[in-house]
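Shown next: final.csv, containing CSV, C-alpha atoms.
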chain,number,residue,atom,x,y,z
A,1,MET,CA,-40.1,-59.7,75.7
A,2,PRO,CA,-37.7,-59.7,78.6
A,3,ALA,CA,-34.2,-61.2,78.1
A,4,ASP,CA,-33.9,-64.6,79.7
A,5,PRO,CA,-37.7,-64.8,80.6
A,6,ILE,CA,-39.6,-67.2,82.8
A,7,ASP,CA,-43.1,-68.4,82.0
A,8,LEU,CA,-45.3,-67.4,85.0
A,9,SER,CA,-48.8,-68.5,85.7
A,10,PHE,CA,-50.7,-67.1,88.7
A,11,TYR,CA,-53.5,-68.5,90.8
A,12,MET,CA,-55.3,-66.4,93.4
A,13,ARG,CA,-58.1,-66.3,95.9
A,14,ASN,CA,-59.3,-64.0,98.6
A,15,THR,CA,-61.3,-65.7,101.4
A,16,THR,CA,-62.0,-62.4,103.2
A,17,ASP,CA,-64.3,-59.5,102.7
A,18,VAL,CA,-61.3,-57.1,102.7
A,19,PRO,CA,-60.2,-56.1,99.2
A,20,HIS,CA,-56.7,-57.0,98.3
A,21,TYR,CA,-54.8,-56.1,95.1
A,22,PHE,CA,-51.8,-57.7,93.4
A,23,ILE,CA,-49.1,-56.3,91.1
A,24,VAL,CA,-46.4,-58.4,89.3
A,25,LEU,CA,-43.5,-56.0,88.6
A,26,SER,CA,-40.8,-57.0,86.1
A,27,GLN,CA,-39.3,-56.1,82.8
A,28,ASN,CA,-42.6,-56.9,81.2
A,29,GLN,CA,-44.8,-53.9,80.2
A,30,PRO,CA,-47.4,-53.2,81.2
A,31,CYS,CA,-47.2,-54.8,84.6
A,32,ILE,CA,-49.8,-57.4,85.6
A,33,GLU,CA,-52.1,-56.1,88.3
A,34,GLY,CA,-55.6,-56.3,89.6
A,35,PRO,CA,-57.9,-57.3,92.5
A,36,VAL,CA,-57.3,-60.6,94.2
A,37,GLN,CA,-60.6,-62.3,93.3
A,38,ARG,CA,-63.0,-63.8,95.9
A,39,ARG,CA,-63.6,-66.7,93.6
A,40,PRO,CA,-60.5,-68.7,92.8
A,41,ALA,CA,-59.1,-67.2,89.6
A,42,SER,CA,-56.0,-67.6,87.4
A,43,THR,CA,-54.1,-65.4,85.0
A,44,GLY,CA,-51.3,-66.5,82.7
A,45,CYS,CA,-48.8,-63.7,83.2
A,46,GLY,CA,-46.7,-65.1,80.3
A,47,ALA,CA,-43.1,-64.2,80.0
A,48,VAL,CA,-41.7,-62.1,82.8
A,49,GLY,CA,-38.1,-61.1,83.6
A,50,ARG,CA,-36.2,-63.1,86.3
A,51,ASP,CA,-36.3,-59.9,88.4
A,52,TRP,CA,-40.1,-60.3,89.0
A,53,GLU,CA,-41.7,-59.2,92.2
A,54,LEU,CA,-45.2,-59.8,93.5
A,55,THR,CA,-46.7,-57.3,95.9
A,56,VAL,CA,-50.0,-57.5,97.6
A,57,SER,CA,-51.7,-54.6,99.3
A,58,GLN,CA,-55.2,-53.5,100.4
A,59,THR,CA,-55.2,-50.5,98.1
A,60,PRO,CA,-55.3,-50.6,94.3
A,61,SER,CA,-52.4,-48.1,93.9
A,62,ARG,CA,-48.8,-49.3,93.5
A,63,PRO,CA,-47.2,-49.4,97.0
A,64,ASP,CA,-44.2,-47.2,97.7
A,65,PRO,CA,-41.0,-49.2,98.3
A,66,GLY,CA,-41.1,-48.3,102.0
A,67,GLY,CA,-44.9,-48.5,102.2
A,68,GLU,CA,-47.1,-51.0,103.9
A,69,MET,CA,-47.8,-54.2,102.0
A,70,ALA,CA,-49.8,-57.2,103.0
A,71,HIS,CA,-47.2,-59.4,101.2
A,72,ARG,CA,-44.1,-59.3,99.0
A,73,VAL,CA,-42.3,-62.1,97.2
A,74,THR,CA,-39.7,-62.3,94.5
A,75,GLY,CA,-38.5,-65.0,92.0
A,76,GLU,CA,-35.5,-65.7,94.2
A,77,ALA,CA,-37.8,-67.3,96.8
A,78,PHE,CA,-38.7,-70.0,94.3
A,79,GLY,CA,-35.2,-70.9,93.0
A,80,ASP,CA,-35.4,-68.9,89.8
A,81,PRO,CA,-37.1,-71.7,87.6
A,82,ASP,CA,-37.7,-71.3,83.9
A,83,VAL,CA,-41.5,-72.1,84.4
A,84,LEU,CA,-43.4,-71.2,87.6
A,85,ALA,CA,-47.0,-71.7,88.7
A,86,LEU,CA,-47.4,-69.3,91.6
A,87,TRP,CA,-50.4,-69.1,93.9
A,88,LEU,CA,-51.6,-66.5,96.4
A,89,SER,CA,-54.3,-67.0,99.0
A,90,VAL,CA,-55.7,-64.4,101.4
A,91,GLU,CA,-56.6,-66.6,104.3
A,92,PRO,CA,-59.7,-66.1,106.5
A,93,ASP,CA,-57.6,-64.5,109.2
A,94,GLY,CA,-56.2,-62.0,106.7
A,95,THR,CA,-52.7,-63.5,106.3
A,96,VAL,CA,-51.4,-63.7,102.8
A,97,VAL,CA,-49.7,-66.9,101.8
A,98,THR,CA,-47.9,-67.8,98.5
A,99,GLY,CA,-46.6,-71.1,97.2
A,100,ASP,CA,-45.7,-72.8,94.0
A,101,GLY,CA,-47.5,-75.4,91.9
A,102,VAL,CA,-51.2,-75.7,91.3
A,103,PRO,CA,-52.9,-75.0,94.7
A,104,GLU,CA,-55.1,-77.7,96.3
A,105,TRP,CA,-58.1,-75.3,96.2
A,106,TRP,CA,-57.9,-74.9,92.4
A,107,VAL,CA,-60.4,-76.9,90.3
A,108,ASP,CA,-60.1,-77.3,86.6
A,109,ASP,CA,-63.7,-76.5,85.8
A,110,LEU,CA,-63.7,-73.0,87.1

Can you turn what I pasted into C-alpha coordinates?
Amino acid sequence: MPADPIDLSFYMRNTTDVPHYFIVLSQNQPCIEGPVQRRPASTGCGAVGRDWELTVSQTPSRPDPGGEMAHRVTGEAFGDPDVLALWLSVEPDGTVVTGDGVPEWWVDDL
(Lines of atoms letter the chains of each structure in order from A and count residues from 1; the text may use other names and numbers.)
(Lines give C-alpha, C1' and ligand atoms only; values in the text may rest on other atoms or scores of the structure.)
Protein backbone atom coordinates (compact mmCIF):
# COMPACT_ATOMS: atom_id res chain seq x y z
CA MET A 1 0.00 0.00 0.00
CA PRO A 2 1.30 3.47 -0.82
CA ALA A 3 2.38 5.75 2.01
CA ASP A 4 -0.29 8.37 2.81
CA PRO A 5 -2.86 6.86 0.39
CA ILE A 6 -6.15 8.22 -0.85
CA ASP A 7 -9.22 6.08 -1.51
CA LEU A 8 -10.12 6.49 -5.19
CA SER A 9 -13.34 5.35 -6.87
CA PHE A 10 -13.67 5.81 -10.63
CA TYR A 11 -16.80 6.18 -12.79
CA MET A 12 -16.59 6.17 -16.58
CA ARG A 13 -18.56 6.19 -19.79
CA ASN A 14 -17.83 6.57 -23.49
CA THR A 15 -20.72 7.99 -25.53
CA THR A 16 -18.85 7.63 -28.85
CA ASP A 17 -17.99 4.74 -31.13
CA VAL A 18 -14.28 5.63 -30.88
CA PRO A 19 -12.41 3.41 -28.39
CA HIS A 20 -10.75 5.17 -25.45
CA TYR A 21 -8.53 3.68 -22.76
CA PHE A 22 -7.65 4.88 -19.28
CA ILE A 23 -4.65 4.34 -17.02
CA VAL A 24 -4.40 5.42 -13.38
CA LEU A 25 -0.70 5.67 -12.60
CA SER A 26 0.51 5.90 -9.02
CA GLN A 27 2.58 4.11 -6.43
CA ASN A 28 0.04 1.27 -6.56
CA GLN A 29 1.09 -1.81 -8.49
CA PRO A 30 -0.20 -2.95 -10.82
CA CYS A 31 -1.62 0.25 -12.26
CA ILE A 32 -5.36 0.38 -12.93
CA GLU A 33 -6.14 0.43 -16.64
CA GLY A 34 -8.64 -0.65 -19.26
CA PRO A 35 -11.13 0.48 -21.86
CA VAL A 36 -13.54 3.32 -21.13
CA GLN A 37 -16.82 1.41 -21.28
CA ARG A 38 -19.71 2.40 -23.55
CA ARG A 39 -22.13 1.55 -20.77
CA PRO A 40 -21.53 3.54 -17.59
CA ALA A 41 -19.18 1.52 -15.38
CA SER A 42 -17.34 1.94 -12.11
CA THR A 43 -14.17 0.56 -10.64
CA GLY A 44 -12.98 0.91 -7.09
CA CYS A 45 -9.34 1.72 -7.55
CA GLY A 46 -8.77 1.49 -3.81
CA ALA A 47 -5.71 3.01 -2.23
CA VAL A 48 -3.53 5.02 -4.57
CA GLY A 49 -0.65 7.34 -3.81
CA ARG A 50 -1.22 11.07 -3.70
CA ASP A 51 0.87 11.34 -6.86
CA TRP A 52 -1.82 9.62 -8.97
CA GLU A 53 -2.33 10.58 -12.58
CA LEU A 54 -5.16 9.61 -14.94
CA THR A 55 -4.41 9.53 -18.65
CA VAL A 56 -6.90 8.80 -21.42
CA SER A 57 -5.91 7.92 -24.96
CA GLN A 58 -7.34 6.24 -28.03
CA THR A 59 -4.82 3.40 -27.91
CA PRO A 60 -4.52 0.70 -25.25
CA SER A 61 -0.79 1.17 -24.78
CA ARG A 62 0.60 3.50 -22.13
CA PRO A 63 1.18 6.93 -23.73
CA ASP A 64 4.68 8.38 -23.79
CA PRO A 65 5.09 11.45 -21.54
CA GLY A 66 5.32 13.65 -24.64
CA GLY A 67 2.81 11.59 -26.62
CA GLU A 68 -0.68 12.54 -27.66
CA MET A 69 -3.37 12.00 -25.04
CA ALA A 70 -7.08 12.68 -25.17
CA HIS A 71 -7.00 13.81 -21.53
CA ARG A 72 -4.72 13.96 -18.48
CA VAL A 73 -5.53 14.91 -14.89
CA THR A 74 -3.73 14.57 -11.55
CA GLY A 75 -4.79 14.54 -7.91
CA GLU A 76 -3.66 18.14 -7.51
CA ALA A 77 -6.59 19.26 -9.68
CA PHE A 78 -8.99 18.03 -6.98
CA GLY A 79 -7.30 19.51 -3.92
CA ASP A 80 -5.61 16.31 -2.75
CA PRO A 81 -8.53 14.87 -0.69
CA ASP A 82 -8.28 11.68 1.40
CA VAL A 83 -11.26 10.15 -0.48
CA LEU A 84 -12.19 10.93 -4.07
CA ALA A 85 -14.94 9.80 -6.42
CA LEU A 86 -13.61 10.68 -9.88
CA TRP A 87 -15.64 10.48 -13.07
CA LEU A 88 -14.68 10.52 -16.73
CA SER A 89 -16.99 10.96 -19.69
CA VAL A 90 -16.12 10.82 -23.39
CA GLU A 91 -18.77 13.16 -24.76
CA PRO A 92 -20.58 12.69 -28.11
CA ASP A 93 -18.30 15.28 -29.77
CA GLY A 94 -15.21 13.34 -28.58
CA THR A 95 -14.13 15.70 -25.81
CA VAL A 96 -13.08 14.06 -22.54
CA VAL A 97 -14.39 15.59 -19.33
CA THR A 98 -13.55 14.69 -15.71
CA GLY A 99 -15.08 15.77 -12.43
CA ASP A 100 -15.50 14.72 -8.84
CA GLY A 101 -18.41 13.17 -6.99
CA VAL A 102 -20.90 10.67 -8.33
CA PRO A 103 -21.83 11.78 -11.87
CA GLU A 104 -25.43 12.66 -12.71
CA TRP A 105 -25.49 9.95 -15.40
CA TRP A 106 -24.71 7.20 -12.86
CA VAL A 107 -27.59 5.03 -11.64
CA ASP A 108 -27.28 2.68 -8.69
CA ASP A 109 -28.85 -0.35 -10.33
CA LEU A 110 -26.24 -0.71 -13.07

Could you list, as a PDB file with C-alpha atoms, keeping the file's coordinate frame, every residue within 12 Å of Glu68 of chain A, counting only C-alpha atoms and ignoring same-chain residues fewer than 6 positions away?
ATOM      1  CA  THR A  55     -46.700 -57.300  95.900  1.00  0.00           C
ATOM      2  CA  VAL A  56     -50.000 -57.500  97.600  1.00  0.00           C
ATOM      3  CA  SER A  57     -51.700 -54.600  99.300  1.00  0.00           C
ATOM      4  CA  GLN A  58     -55.200 -53.500 100.400  1.00  0.00           C
ATOM      5  CA  THR A  59     -55.200 -50.500  98.100  1.00  0.00           C
ATOM      6  CA  SER A  61     -52.400 -48.100  93.900  1.00  0.00           C
ATOM      7  CA  ARG A  62     -48.800 -49.300  93.500  1.00  0.00           C
TER       8      ARG A  62
END

Residue nearest Met12 of chain A among A:Pro35, A:Gly49, A:Pro40, A:Pro92 (counting all atoms listed in the file)
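Smallest distance to Met12 of chain A is found for A:Pro40.
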
In Å and to one decimal, atom CA of Phe22 of chain A is distant from atom CA of Gly44 of chain A by 13.9 Å

Could you tell me how far atom CA of Ser89 of chain A lies from atom CA of Glu76 of chain A, in Å and to one decimal?
19.4 Å

Suppose you want the space between atom CA of Glu33 of chain A and atom CA of Glu53 of chain A; what is it in Å?
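So the two atoms, atom CA of Glu33 of chain A and atom CA of Glu53 of chain A, lie 11.5 Å apart.
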
List as a ChimeraX atom specification the protein and nucleic acid residues near Trp52 of chain A, meaning an atom at most 6 Å away when all atoms listed in the file are counted, but skip any in the same chain fewer than 6 places from it.
/A:25-26,74-75

Of the listed residues A:Ile32, A:Leu8, A:Ala41, A:Ala3, that which approaches Asp100 of chain A most closely, counting all atoms listed in the file:
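Closest candidate: A:Leu8.
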
Surrounding residues of Gly34 of chain A excluding itself and chain neighbours under 4 positions, 8 Å, only C-alpha atoms, as a list in words
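Once the nearby chain positions are removed, what remains is Tyr21, Phe22, Ile23 and Pro60 of chain A.
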
Show me as a PDB file with C-alpha atoms, in the coordinates of the input the residues that reach within 8 Å of (-60.9, -57.5, 100.2), counting all atoms listed in the file and using the file's own coordinates.
ATOM      1  CA  ASN A  14     -59.300 -64.000  98.600  1.00  0.00           C
ATOM      2  CA  THR A  16     -62.000 -62.400 103.200  1.00  0.00           C
ATOM      3  CA  ASP A  17     -64.300 -59.500 102.700  1.00  0.00           C
ATOM      4  CA  VAL A  18     -61.300 -57.100 102.700  1.00  0.00           C
ATOM      5  CA  PRO A  19     -60.200 -56.100  99.200  1.00  0.00           C
ATOM      6  CA  HIS A  20     -56.700 -57.000  98.300  1.00  0.00           C
ATOM      7  CA  VAL A  36     -57.300 -60.600  94.200  1.00  0.00           C
ATOM      8  CA  ARG A  38     -63.000 -63.800  95.900  1.00  0.00           C
ATOM      9  CA  GLN A  58     -55.200 -53.500 100.400  1.00  0.00           C
TER      10      GLN A  58
END

Find the residues near segment 78-81 of chain A: any atom within 9 Å, counting all atoms listed in the file, skip ones fewer than 6 places away on the same chain, and give them as an NGL selection string.
:A and (6-7 or 50 or 99-100)

Let's have the selection written as a CSV table (one decimal), in the frame of the given file, with C-alpha atoms.
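Okay, selection_38.csv is ready:
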chain,number,residue,atom,x,y,z
A,6,ILE,CA,-39.6,-67.2,82.8
A,7,ASP,CA,-43.1,-68.4,82.0
A,50,ARG,CA,-36.2,-63.1,86.3
A,99,GLY,CA,-46.6,-71.1,97.2
A,100,ASP,CA,-45.7,-72.8,94.0

Quick one: everything within 8 Å of Val102 of chain A, counting all atoms listed in the file, minus sequence neighbours fewer than 2 positions away in the same chain. Send it as a short mmCIF file (atom, residue, chain, number, x, y, z; two decimals) with C-alpha atoms, in the coordinates of the input.
data_model
loop_
_atom_site.label_atom_id
_atom_site.label_comp_id
_atom_site.auth_asym_id
_atom_site.auth_seq_id
_atom_site.Cartn_x
_atom_site.Cartn_y
_atom_site.Cartn_z
CA TYR A 11 -53.50 -68.50 90.80
CA ALA A 85 -47.00 -71.70 88.70
CA LEU A 86 -47.40 -69.30 91.60
CA TRP A 87 -50.40 -69.10 93.90
CA ASP A 100 -45.70 -72.80 94.00
CA GLU A 104 -55.10 -77.70 96.30
CA TRP A 106 -57.90 -74.90 92.40
#

The residue from A:Asp82, A:Thr15, A:Gly101, A:Arg72 with the smallest atom-to-atom distance to Gln37 of chain A, counting all atoms listed in the file, is A:Thr15
